[in-house]
file query25.csv (CSV, C-alpha atoms)
chain,number,residue,atom,x,y,z
A,1,MET,CA,-163.3,-20.6,-14.0
A,2,GLN,CA,-166.9,-19.7,-14.9
A,3,PHE,CA,-170.3,-20.2,-13.3
A,4,GLY,CA,-173.5,-19.5,-15.2
A,5,LEU,CA,-177.3,-19.6,-15.5
A,6,SER,CA,-178.9,-19.4,-18.9
A,7,ALA,CA,-182.6,-19.8,-19.9
A,8,GLU,CA,-184.6,-19.4,-23.1
A,9,ALA,CA,-188.3,-20.0,-22.7
A,10,SER,CA,-191.4,-19.3,-24.8
A,11,SER,CA,-195.0,-20.4,-24.5
A,12,GLU,CA,-197.7,-19.5,-27.1
A,13,PRO,CA,-201.0,-20.8,-25.5
A,14,VAL,CA,-200.5,-19.8,-21.9
A,15,PRO,CA,-197.9,-17.9,-19.8
A,16,ILE,CA,-194.8,-19.8,-18.7
A,17,ASP,CA,-196.1,-19.9,-15.1
A,18,GLN,CA,-199.3,-21.7,-16.3
A,19,MET,CA,-197.3,-24.1,-18.5
A,20,ILE,CA,-195.5,-25.3,-15.3
A,21,GLU,CA,-198.4,-25.1,-12.8
A,22,GLY,CA,-201.4,-26.0,-15.1
A,23,TRP,CA,-203.4,-24.4,-17.8
A,24,GLU,CA,-206.4,-22.2,-17.2
A,25,LYS,CA,-209.6,-21.6,-19.2
A,26,ASP,CA,-208.2,-18.5,-21.0
A,27,ALA,CA,-205.6,-20.4,-22.9
A,28,ARG,CA,-205.3,-19.3,-26.5
A,29,SER,CA,-204.3,-21.1,-29.7
A,30,GLY,CA,-200.7,-21.8,-30.3
A,31,GLU,CA,-198.2,-24.2,-31.9
A,32,TYR,CA,-195.4,-24.7,-29.3
A,33,ALA,CA,-194.1,-24.3,-25.8
A,34,PHE,CA,-190.3,-24.4,-25.4
A,35,ALA,CA,-187.8,-24.0,-22.6
A,36,ASP,CA,-184.1,-24.8,-22.3
A,37,MET,CA,-182.4,-23.8,-19.0
A,38,ALA,CA,-178.9,-24.8,-17.7
A,39,LEU,CA,-176.8,-24.2,-14.6
A,40,THR,CA,-173.1,-24.7,-15.5
A,41,ALA,CA,-169.7,-24.6,-13.9
A,42,SER,CA,-166.6,-24.8,-16.1
A,43,ALA,CA,-162.8,-24.6,-15.7
A,44,SER,CA,-160.5,-23.8,-18.6
A,45,TYR,CA,-156.7,-24.2,-19.1
A,46,ARG,CA,-155.3,-22.9,-22.3
A,47,ASN,CA,-157.6,-24.5,-25.0
A,48,ILE,CA,-159.2,-27.2,-22.8
A,49,THR,CA,-162.4,-26.7,-20.9
A,50,LEU,CA,-164.1,-29.1,-18.4
A,51,ILE,CA,-167.8,-28.6,-17.8
A,52,ALA,CA,-170.4,-29.7,-15.2
A,53,GLU,CA,-174.1,-29.0,-16.0
A,54,ARG,CA,-177.6,-29.3,-14.7
A,55,ARG,CA,-180.2,-28.9,-17.4
A,56,TRP,CA,-184.0,-28.6,-17.8
A,57,PHE,CA,-185.3,-29.1,-21.4
A,58,TYR,CA,-189.0,-28.8,-22.4
A,59,SER,CA,-190.5,-28.9,-25.9
A,60,LEU,CA,-194.1,-29.2,-26.9
A,61,THR,CA,-195.3,-28.8,-30.5
A,62,PHE,CA,-198.9,-29.1,-31.5
A,63,SER,CA,-201.5,-28.3,-34.1
A,64,PRO,CA,-203.4,-24.9,-33.6
A,65,ASP,CA,-206.6,-26.8,-32.7
A,66,THR,CA,-204.9,-28.6,-29.8
A,67,THR,CA,-205.6,-25.9,-27.2
A,68,ALA,CA,-209.4,-26.0,-28.0
A,69,VAL,CA,-209.4,-29.8,-27.7
A,70,TYR,CA,-207.7,-29.6,-24.4
A,71,LEU,CA,-210.0,-27.0,-23.0
A,72,ASP,CA,-213.0,-29.0,-24.1
A,73,ALA,CA,-211.8,-32.2,-22.5
A,74,GLU,CA,-210.4,-30.7,-19.3
A,75,PHE,CA,-212.8,-27.8,-18.6
A,76,GLY,CA,-215.9,-28.5,-20.8
A,77,VAL,CA,-215.3,-25.4,-22.9
A,78,GLU,CA,-217.4,-26.4,-25.9
A,79,THR,CA,-216.6,-25.4,-29.5
A,80,ASP,CA,-219.0,-25.1,-32.4
A,81,GLN,CA,-216.9,-27.1,-34.8
A,82,ASP,CA,-214.8,-30.3,-35.0
A,83,GLN,CA,-211.2,-29.8,-34.0
A,84,ASP,CA,-208.0,-31.9,-34.7
A,85,LEU,CA,-205.4,-32.6,-32.1
A,86,ASN,CA,-201.7,-33.5,-32.8
A,87,LEU,CA,-199.2,-33.1,-29.9
A,88,LYS,CA,-195.6,-34.1,-29.5
A,89,ALA,CA,-193.8,-33.8,-26.2
A,90,LYS,CA,-190.1,-34.0,-25.3
A,91,ALA,CA,-189.0,-33.0,-21.8
A,92,PHE,CA,-186.2,-34.0,-19.4
A,93,GLN,CA,-184.0,-33.0,-16.5
A,94,SER,CA,-180.4,-34.1,-16.4
A,95,ARG,CA,-177.0,-33.8,-14.8
A,96,GLY,CA,-173.9,-34.0,-17.0
A,97,VAL,CA,-170.2,-33.6,-17.3
A,98,GLY,CA,-168.2,-33.0,-20.4
A,99,GLY,CA,-165.3,-31.2,-22.1
A,100,ALA,CA,-164.4,-28.9,-25.0
A,101,TYR,CA,-161.3,-28.1,-27.0
A,102,ARG,CA,-160.7,-24.8,-28.8
A,103,PHE,CA,-159.0,-24.8,-32.2
A,104,GLU,CA,-158.0,-21.3,-33.3
A,105,GLY,CA,-156.3,-19.3,-35.9
A,106,SER,CA,-155.4,-15.6,-36.3
A,107,ASN,CA,-159.0,-14.4,-36.6
A,108,TRP,CA,-161.2,-17.5,-36.0
A,109,SER,CA,-161.8,-20.3,-33.6
A,110,VAL,CA,-163.9,-23.6,-33.6
A,111,THR,CA,-164.8,-25.4,-30.3
A,112,PRO,CA,-166.3,-28.8,-30.4
A,113,GLU,CA,-168.0,-29.9,-27.1
A,114,PHE,CA,-169.1,-33.3,-25.8
A,115,MET,CA,-171.4,-33.9,-22.8
A,116,LEU,CA,-172.4,-37.2,-21.1
A,117,SER,CA,-175.5,-36.9,-19.0
A,118,LYS,CA,-177.6,-38.9,-16.4
A,119,LEU,CA,-181.3,-38.2,-16.9
A,120,ILE,CA,-183.2,-37.4,-13.6
A,121,HIS,CA,-186.8,-37.1,-15.1
A,122,TYR,CA,-188.2,-37.5,-18.6
A,123,GLN,CA,-191.5,-37.2,-20.5
A,124,PHE,CA,-191.7,-38.2,-24.2
A,125,GLY,CA,-194.9,-38.9,-26.1
A,126,THR,CA,-197.4,-38.3,-28.9
A,127,PHE,CA,-201.1,-37.6,-28.6
A,128,ARG,CA,-203.4,-37.3,-31.6
A,129,GLY,CA,-207.1,-37.1,-31.8
A,130,ARG,CA,-210.3,-35.2,-32.7
A,131,SER,CA,-212.9,-33.3,-30.7
A,132,PHE,CA,-216.5,-33.2,-32.0
A,133,ALA,CA,-218.8,-30.2,-31.8
A,134,ASP,CA,-221.8,-31.1,-29.5
A,135,GLU,CA,-223.0,-30.7,-26.0
A,136,GLY,CA,-220.5,-31.9,-23.4
A,137,SER,CA,-217.0,-33.3,-24.0
A,138,ASN,CA,-216.8,-35.5,-27.1
A,139,PHE,CA,-213.5,-36.6,-28.4
A,140,SER,CA,-211.5,-39.6,-29.7
A,141,ALA,CA,-207.7,-39.8,-29.1
A,142,SER,CA,-204.7,-42.1,-29.1
A,143,LEU,CA,-201.7,-41.8,-26.7
A,144,SER,CA,-198.2,-43.2,-26.7
A,145,TYR,CA,-196.4,-41.9,-23.6
A,146,TYR,CA,-193.0,-42.7,-22.1
A,147,PHE,CA,-192.3,-41.3,-18.7
A,148,ASP,CA,-190.8,-41.7,-15.2
A,149,GLU,CA,-193.7,-39.9,-13.5
A,150,TYR,CA,-197.2,-40.1,-14.9
A,151,ARG,CA,-198.4,-36.5,-15.6
A,152,PHE,CA,-200.9,-36.8,-18.4
A,153,PRO,CA,-204.4,-35.3,-17.8
A,154,SER,CA,-207.0,-37.9,-16.9
A,155,PHE,CA,-209.8,-36.2,-18.7
A,156,ASN,CA,-212.0,-37.8,-16.1
A,157,THR,CA,-212.0,-41.1,-18.0
A,158,LEU,CA,-208.4,-42.5,-18.2
A,159,PRO,CA,-207.5,-45.0,-15.5
A,160,GLU,CA,-204.5,-44.6,-13.1
A,161,TYR,CA,-201.2,-45.9,-14.5
A,162,ASP,CA,-200.1,-49.2,-13.1
A,163,ASP,CA,-196.9,-51.0,-14.3
A,164,PRO,CA,-198.1,-54.6,-14.6
A,165,THR,CA,-194.6,-56.1,-14.7
A,166,GLY,CA,-192.5,-53.8,-12.5
A,167,ALA,CA,-189.7,-54.3,-15.1
A,168,ALA,CA,-189.1,-50.7,-16.1
A,169,SER,CA,-185.6,-49.4,-16.1
A,170,GLU,CA,-184.4,-47.0,-13.5
A,171,GLU,CA,-181.1,-45.8,-15.1
A,172,TRP,CA,-181.4,-43.4,-18.0
A,173,PHE,CA,-178.5,-41.6,-19.8
A,174,GLY,CA,-177.7,-39.4,-22.8
A,175,TYR,CA,-174.8,-37.9,-24.7
A,176,SER,CA,-174.6,-34.9,-27.0
A,177,ALA,CA,-172.1,-33.1,-29.2
A,178,SER,CA,-172.2,-29.4,-29.8
A,179,ILE,CA,-170.0,-27.0,-31.7
A,180,SER,CA,-169.2,-23.2,-31.5
A,181,ALA,CA,-167.3,-21.0,-33.8
A,182,ASP,CA,-166.4,-17.3,-34.1
A,183,TRP,CA,-164.8,-15.2,-36.8
A,184,HIS,CA,-163.4,-11.7,-36.8
A,185,VAL,CA,-164.3,-10.6,-40.3
A,186,ARG,CA,-162.5,-7.3,-39.6
A,187,GLU,CA,-161.2,-5.8,-36.5
A,188,ASP,CA,-164.5,-4.1,-35.8
A,189,THR,CA,-166.9,-6.9,-37.0
A,190,PHE,CA,-167.4,-10.2,-35.2
A,191,PHE,CA,-169.5,-13.2,-36.0
A,192,GLU,CA,-170.3,-16.2,-33.7
A,193,VAL,CA,-172.4,-19.3,-34.0
A,194,ARG,CA,-173.3,-22.2,-31.7
A,195,VAL,CA,-175.1,-25.3,-32.7
A,196,LYS,CA,-176.3,-27.0,-29.4
A,197,ASP,CA,-177.1,-30.7,-29.5
A,198,LEU,CA,-175.9,-31.0,-33.1
A,199,TRP,CA,-175.8,-34.7,-32.5
A,200,ASN,CA,-177.5,-36.3,-29.4
A,201,HIS,CA,-178.9,-39.6,-28.2
A,202,LEU,CA,-181.1,-40.3,-25.2
A,203,ASN,CA,-181.6,-43.8,-23.9
A,204,MET,CA,-184.2,-44.7,-21.3
A,205,GLY,CA,-183.8,-48.5,-21.7
A,206,ASN,CA,-187.0,-50.4,-20.9
A,207,SER,CA,-189.1,-47.3,-20.2
A,208,THR,CA,-192.4,-47.1,-18.4
A,209,HIS,CA,-195.0,-46.6,-21.1
A,210,ARG,CA,-198.7,-46.1,-21.6
A,211,SER,CA,-200.6,-46.8,-24.8
A,212,ILE,CA,-204.2,-45.7,-24.9
A,213,CYS,CA,-207.1,-45.3,-27.3
A,214,ALA,CA,-209.9,-43.3,-25.7
A,215,GLU,CA,-213.4,-42.3,-26.6
A,216,VAL,CA,-215.4,-39.8,-24.6
A,217,GLY,CA,-219.0,-38.7,-25.3
A,218,GLU,CA,-220.6,-38.9,-28.8
A,219,VAL,CA,-217.9,-39.9,-31.3
A,220,THR,CA,-218.8,-40.2,-35.0
A,221,ASP,CA,-215.4,-40.6,-36.6
A,222,PRO,CA,-212.9,-42.0,-34.1
A,223,VAL,CA,-209.1,-41.8,-34.7
A,224,CYS,CA,-208.8,-45.3,-33.3
A,225,SER,CA,-211.2,-48.1,-32.1
A,226,SER,CA,-211.3,-48.7,-28.4
A,227,GLY,CA,-214.6,-50.5,-28.1
A,228,GLY,CA,-215.5,-48.4,-25.1
A,229,ALA,CA,-214.2,-45.4,-23.0
A,230,ALA,CA,-210.5,-46.5,-23.1
A,231,SER,CA,-208.3,-49.4,-24.1
A,232,GLY,CA,-204.6,-50.0,-24.3
A,233,ASP,CA,-201.7,-51.3,-22.2
A,234,ASP,CA,-199.3,-50.1,-19.5
A,235,ASN,CA,-196.4,-52.4,-20.4
A,236,PRO,CA,-192.8,-51.0,-20.5
A,237,ARG,CA,-191.2,-50.4,-23.9
A,238,THR,CA,-187.7,-49.6,-25.1
A,239,LEU,CA,-187.1,-45.9,-25.7
A,240,GLU,CA,-184.1,-44.4,-27.5
A,241,THR,CA,-184.7,-40.9,-28.9
A,242,SER,CA,-183.1,-37.5,-29.6
A,243,ILE,CA,-184.0,-33.8,-29.6
A,244,LYS,CA,-183.6,-31.3,-32.3
A,245,PRO,CA,-180.6,-29.0,-32.2
A,246,SER,CA,-180.7,-25.3,-31.3
A,247,VAL,CA,-178.8,-22.8,-33.5
A,248,ILE,CA,-177.7,-19.4,-32.0
A,249,PHE,CA,-176.1,-17.0,-34.4
A,250,GLY,CA,-174.7,-13.6,-33.4
A,251,ALA,CA,-173.1,-10.6,-35.1
A,252,THR,CA,-171.4,-7.7,-33.4
A,253,TYR,CA,-170.4,-4.3,-34.9
A,254,GLN,CA,-168.1,-2.7,-32.4
A,255,PRO,CA,-168.0,1.0,-33.6
A,256,LEU,CA,-171.7,1.3,-32.8
A,257,ASN,CA,-171.7,-1.3,-30.0
A,258,ILE,CA,-174.6,-3.1,-31.7
A,259,LYS,CA,-175.2,-6.9,-31.5
A,260,ALA,CA,-177.8,-9.0,-33.3
A,261,GLN,CA,-178.7,-12.5,-32.3
A,262,TYR,CA,-180.9,-15.2,-33.9
A,263,TYR,CA,-182.1,-18.1,-31.8
A,264,TRP,CA,-183.7,-21.1,-33.6
A,265,HIS,CA,-185.1,-24.4,-32.1
A,266,ASP,CA,-187.6,-26.3,-34.2
A,267,VAL,CA,-190.6,-24.0,-34.7
A,268,TYR,CA,-189.3,-21.4,-32.1
A,269,ARG,CA,-187.5,-18.4,-33.7
A,270,ASN,CA,-186.4,-15.2,-32.1
A,271,LEU,CA,-184.3,-12.3,-33.5
A,272,SER,CA,-182.9,-9.8,-31.0
A,273,LEU,CA,-181.0,-6.5,-31.3
A,274,GLU,CA,-178.9,-5.0,-28.5
A,275,LYS,CA,-177.4,-1.6,-28.2
A,276,ARG,CA,-174.6,-1.2,-25.7
A,277,THR,CA,-173.2,1.8,-23.9
A,278,ASP,CA,-170.2,2.1,-21.7
A,279,VAL,CA,-170.7,3.9,-18.3
A,280,GLY,CA,-167.4,4.0,-16.7
A,281,PRO,CA,-166.3,0.4,-16.0
A,282,VAL,CA,-169.8,-0.9,-16.6
A,283,GLN,CA,-171.3,-1.8,-20.0
A,284,LEU,CA,-175.1,-1.5,-20.2
A,285,GLY,CA,-177.3,-2.8,-23.0
A,286,ALA,CA,-180.9,-2.3,-24.1
A,287,VAL,CA,-182.5,-5.2,-26.0
A,288,ALA,CA,-185.6,-5.7,-28.2
A,289,THR,CA,-186.7,-8.9,-29.9
A,290,THR,CA,-189.2,-10.1,-32.5
A,291,LYS,CA,-191.1,-11.8,-29.7
A,292,ARG,CA,-192.0,-8.3,-28.4
A,293,GLN,CA,-189.6,-8.6,-25.5
A,294,LEU,CA,-187.7,-5.7,-24.0
A,295,GLY,CA,-184.9,-6.0,-21.5
A,296,ALA,CA,-181.4,-5.0,-20.3
A,297,THR,CA,-177.9,-6.5,-20.1
A,298,VAL,CA,-175.1,-5.6,-17.7
A,299,ASN,CA,-171.4,-6.4,-18.1
A,300,TRP,CA,-168.9,-5.5,-15.3
A,301,ARG,CA,-165.5,-7.1,-15.2
A,302,GLY,CA,-166.2,-10.8,-15.1
A,303,LEU,CA,-170.0,-10.5,-14.3
A,304,SER,CA,-172.6,-10.6,-17.0
A,305,ALA,CA,-176.4,-10.5,-16.5
A,306,SER,CA,-179.4,-10.2,-18.8
A,307,TYR,CA,-183.2,-10.0,-18.2
A,308,ILE,CA,-185.4,-9.9,-21.4
A,309,VAL,CA,-189.2,-10.5,-21.1
A,310,ASP,CA,-192.4,-9.6,-22.8
A,311,ASP,CA,-194.4,-8.6,-19.7
A,312,LEU,CA,-193.5,-6.8,-16.5
A,313,ASN,CA,-195.9,-9.1,-14.6
A,314,ILE,CA,-193.8,-12.3,-14.0
A,315,LYS,CA,-196.9,-14.5,-14.0
A,316,GLN,CA,-197.9,-13.2,-17.4
A,317,VAL,CA,-194.5,-13.7,-19.1
A,318,ARG,CA,-194.8,-15.8,-22.3
A,319,ASP,CA,-191.3,-15.2,-23.7
A,320,ALA,CA,-188.2,-14.9,-21.5
A,321,ARG,CA,-184.4,-14.8,-21.9
A,322,ILE,CA,-182.5,-14.8,-18.7
A,323,GLY,CA,-178.7,-15.1,-18.1
A,324,LEU,CA,-176.3,-14.7,-15.2
A,325,SER,CA,-172.6,-15.6,-15.3
A,326,TYR,CA,-169.3,-14.9,-13.5
A,327,ARG,CA,-165.9,-15.5,-15.0
A,328,HIS,CA,-162.7,-15.4,-12.9
A,329,SER,CA,-159.2,-15.7,-14.3
A,330,TRP,CA,-156.3,-16.8,-12.1

call {"tool": "encode", "arguments": {"input": "query25.csv", "output": "structure tokens"}}
result
Amino acid sequence: MQFGLSAEASSEPVPIDQMIEGWEKDARSGEYAFADMALTASASYRNITLIAERRWFYSLTFSPDTTAVYLDAEFGVETDQDQDLNLKAKAFQSRGVGGAYRFEGSNWSVTPEFMLSKLIHYQFGTFRGRSFADEGSNFSASLSYYFDEYRFPSFNTLPEYDDPTGAASEEWFGYSASISADWHVREDTFFEVRVKDLWNHLNMGNSTHRSICAEVGEVTDPVCSSGGAASGDDNPRTLETSIKPSVIFGATYQPLNIKAQYYWHDVYRNLSLEKRTDVGPVQLGAVATTKRQLGATVNWRGLSASYIVDDLNIKQVRDARIGLSYRHSW
């Protein structure tokens, strides 16, 4: 049996804490914010594994100008040039159950995995627009936003959401297939790869939805025509979507106790290098990454832990990799 916590998170414009609680005026330009965290419990017998999971997934991708447009609209931080906005958001929380089967040979194994999930919360949407250089807030933008709880900034002009029909679905589900493989090239060299969400589907049925075209201040070249401050509708729409897969590739050279890992999800990339040392029954590791993170790992019997961050002040952390797991064999 195994119990575990894993989290990979990265935020370019603001620290992770602000990404959760709300941006501040000192946000800087960036292109993404990403987090994938899971609590899992699993039981294995021979080659079969049963899995229960609670998952939090968060992915924002945006153009470099988006931060400036947001600060202008939300805080009145004016810029001296026009800015373009293009944002895509995919976020959800879920509970799931699934299983995996391990196929193996003398020096290799391949493990396909399937998960069926019930979504608890979700936010999916696109927001594009343009901010114009002038006194005050001046921007034009269009929004297509699917959600279970309305969390989009009002910019002091957008009306409160109101489902006019009350016909939105309240049951949302998803399913995904992942695959893992490992290969002992030699007795002292080991490769492993996992493709998470290789194939996946999320279905929110007749989702709550907001469609808006907004104009604020002096607009000379609008991205859409609203004929006023804001126009659109709040009618439910069908939503079926998916997320991009994550690829985690690792290589271990045992004589030097060195492990390299490459994590890739959409525009997020992170390469790490770990050096391990045995201290009695405990194996300690020191880790450095291309995201300027430093951290440590500990392995002792069935217990494994890792804490890898880019700042000692937890409220200033922009890149974090955290893991904790315990494995018990009967």

call {"tool": "residues_around", "arguments": {"input": "query25.csv", "residues": "A:Val193", "least_positions_apart": "2", "cutoff": "6 Å", "atoms": "all atoms listed in the file", "output": "PDB file with C-alpha atoms, in the coordinates of the input"}}
result
ATOM      1  CA  SER A 180    -169.200 -23.200 -31.500  1.00  0.00           C
ATOM      2  CA  ALA A 181    -167.300 -21.000 -33.800  1.00  0.00           C
ATOM      3  CA  ILE A 248    -177.700 -19.400 -32.000  1.00  0.00           C
ATOM      4  CA  PHE A 249    -176.100 -17.000 -34.400  1.00  0.00           C
TER       5      PHE A 249
END

call {"tool": "residues_around", "arguments": {"input": "query25.csv", "residues": "A:Ala141", "least_positions_apart": "2", "cutoff": "6 Å", "atoms": "all atoms listed in the file", "output": "short mmCIF file (atom, residue, chain, number, x, y, z; two decimals) with C-alpha atoms, keeping the file's coordinate frame"}}
result
data_model
loop_
_atom_site.label_atom_id
_atom_site.label_comp_id
_atom_site.auth_asym_id
_atom_site.auth_seq_id
_atom_site.Cartn_x
_atom_site.Cartn_y
_atom_site.Cartn_z
CA ARG A 128 -203.40 -37.30 -31.60
CA GLY A 129 -207.10 -37.10 -31.80
CA CYS A 213 -207.10 -45.30 -27.30
CA ALA A 214 -209.90 -43.30 -25.70
#

call {"tool": "residues_near_point", "arguments": {"input": "query25.csv", "point": "(-158.8, -21.0, -35.3)", "cutoff": "12 Å", "atoms": "only C-alpha atoms", "output": "PyMOL selection string"}}
result
chain A and resi 47+101-112+180-184

call {"tool": "residues_around", "arguments": {"input": "query25.csv", "residues": "A:Arg269", "least_positions_apart": "3", "cutoff": "12 Å", "atoms": "only C-alpha atoms", "output": "JSON, numbers by chain"}}
result
{"A": [8, 9, 10, 32, 33, 34, 246, 247, 248, 249, 261, 262, 263, 264, 265, 266, 272, 289, 290, 291, 319]}

call {"tool": "atom_distance", "arguments": {"input": "query25.csv", "atom1": "atom CA of A:Tyr175", "atom2": "atom CA of A:Tyr45"}}
result
23.4 Å

call {"tool": "residues_around", "arguments": {"input": "query25.csv", "residues": "A:Met115", "least_positions_apart": "3", "cutoff": "7 Å", "atoms": "only C-alpha atoms", "output": "list of chain:residue names"}}
result
A:Gly96, A:Val97, A:Gly98, A:Gly99, A:Tyr175, A:Ser176, A:Ala177

call {"tool": "closest_residue", "arguments": {"input": "query25.csv", "among": "A:Ala35, A:Cys224, A:Met204, A:Ile179", "to": "A:Ser117", "atoms": "only C-alpha atoms"}}
result
A:Met204

call {"tool": "residues_around", "arguments": {"input": "query25.csv", "residues": "A:Gly232", "least_positions_apart": "6", "cutoff": "10 Å", "atoms": "all atoms listed in the file", "output": "list in words"}}
result
Ser142, Leu143, Ser144, Arg210, Ser211, Ile212, Cys213, Ala214 and Ser226 of chain A

call {"tool": "closest_residue", "arguments": {"input": "query25.csv", "among": "A:His201, A:Lys25, A:Lys315, A:Arg301", "to": "A:Leu116", "atoms": "all atoms listed in the file"}}
result
A:His201

call {"tool": "closest_residue", "arguments": {"input": "query25.csv", "among": "A:Gly280, A:Pro15, A:Gly295, A:Gly174", "to": "A:Trp199", "atoms": "all atoms listed in the file"}}
result
A:Gly174

call {"tool": "atom_distance", "arguments": {"input": "query25.csv", "atom1": "atom CA of A:Ile16", "atom2": "atom CA of A:Tyr150"}}
result
20.8 Å

call {"tool": "residues_near_point", "arguments": {"input": "query25.csv", "point": "(-207.3, -26.6, -28.1)", "cutoff": "10 Å", "atoms": "only C-alpha atoms", "output": "short mmCIF file (atom, residue, chain, number, x, y, z; two decimals) with C-alpha atoms, in the coordinates of the input"}}
result
data_model
loop_
_atom_site.label_atom_id
_atom_site.label_comp_id
_atom_site.auth_asym_id
_atom_site.auth_seq_id
_atom_site.Cartn_x
_atom_site.Cartn_y
_atom_site.Cartn_z
CA PRO A 13 -201.00 -20.80 -25.50
CA ALA A 27 -205.60 -20.40 -22.90
CA ARG A 28 -205.30 -19.30 -26.50
CA SER A 29 -204.30 -21.10 -29.70
CA GLY A 30 -200.70 -21.80 -30.30
CA PHE A 62 -198.90 -29.10 -31.50
CA SER A 63 -201.50 -28.30 -34.10
CA PRO A 64 -203.40 -24.90 -33.60
CA ASP A 65 -206.60 -26.80 -32.70
CA THR A 66 -204.90 -28.60 -29.80
CA THR A 67 -205.60 -25.90 -27.20
CA ALA A 68 -209.40 -26.00 -28.00
CA VAL A 69 -209.40 -29.80 -27.70
CA TYR A 70 -207.70 -29.60 -24.40
CA LEU A 71 -210.00 -27.00 -23.00
CA ASP A 72 -213.00 -29.00 -24.10
CA ALA A 73 -211.80 -32.20 -22.50
CA VAL A 77 -215.30 -25.40 -22.90
CA THR A 79 -216.60 -25.40 -29.50
CA GLN A 83 -211.20 -29.80 -34.00
CA ASP A 84 -208.00 -31.90 -34.70
CA LEU A 85 -205.40 -32.60 -32.10
CA SER A 131 -212.90 -33.30 -30.70
#

call {"tool": "closest_residue", "arguments": {"input": "query25.csv", "among": "A:Phe75, A:Tyr146, A:Trp172, A:Trp23", "to": "A:Arg95", "atoms": "all atoms listed in the file"}}
result
A:Trp172

call {"tool": "atom_distance", "arguments": {"input": "query25.csv", "atom1": "atom CA of A:Lys196", "atom2": "atom CA of A:Ile243"}}
result
10.3 Å

call {"tool": "closest_residue", "arguments": {"input": "query25.csv", "among": "A:Phe57, A:Asp17, A:Met1, A:Gln283", "to": "A:Asn313", "atoms": "all atoms listed in the file"}}
result
A:Asp17

call {"tool": "closest_residue", "arguments": {"input": "query25.csv", "among": "A:Val279, A:Ala133, A:Leu239, A:Ile258", "to": "A:Ser169", "atoms": "all atoms listed in the file"}}
result
A:Leu239
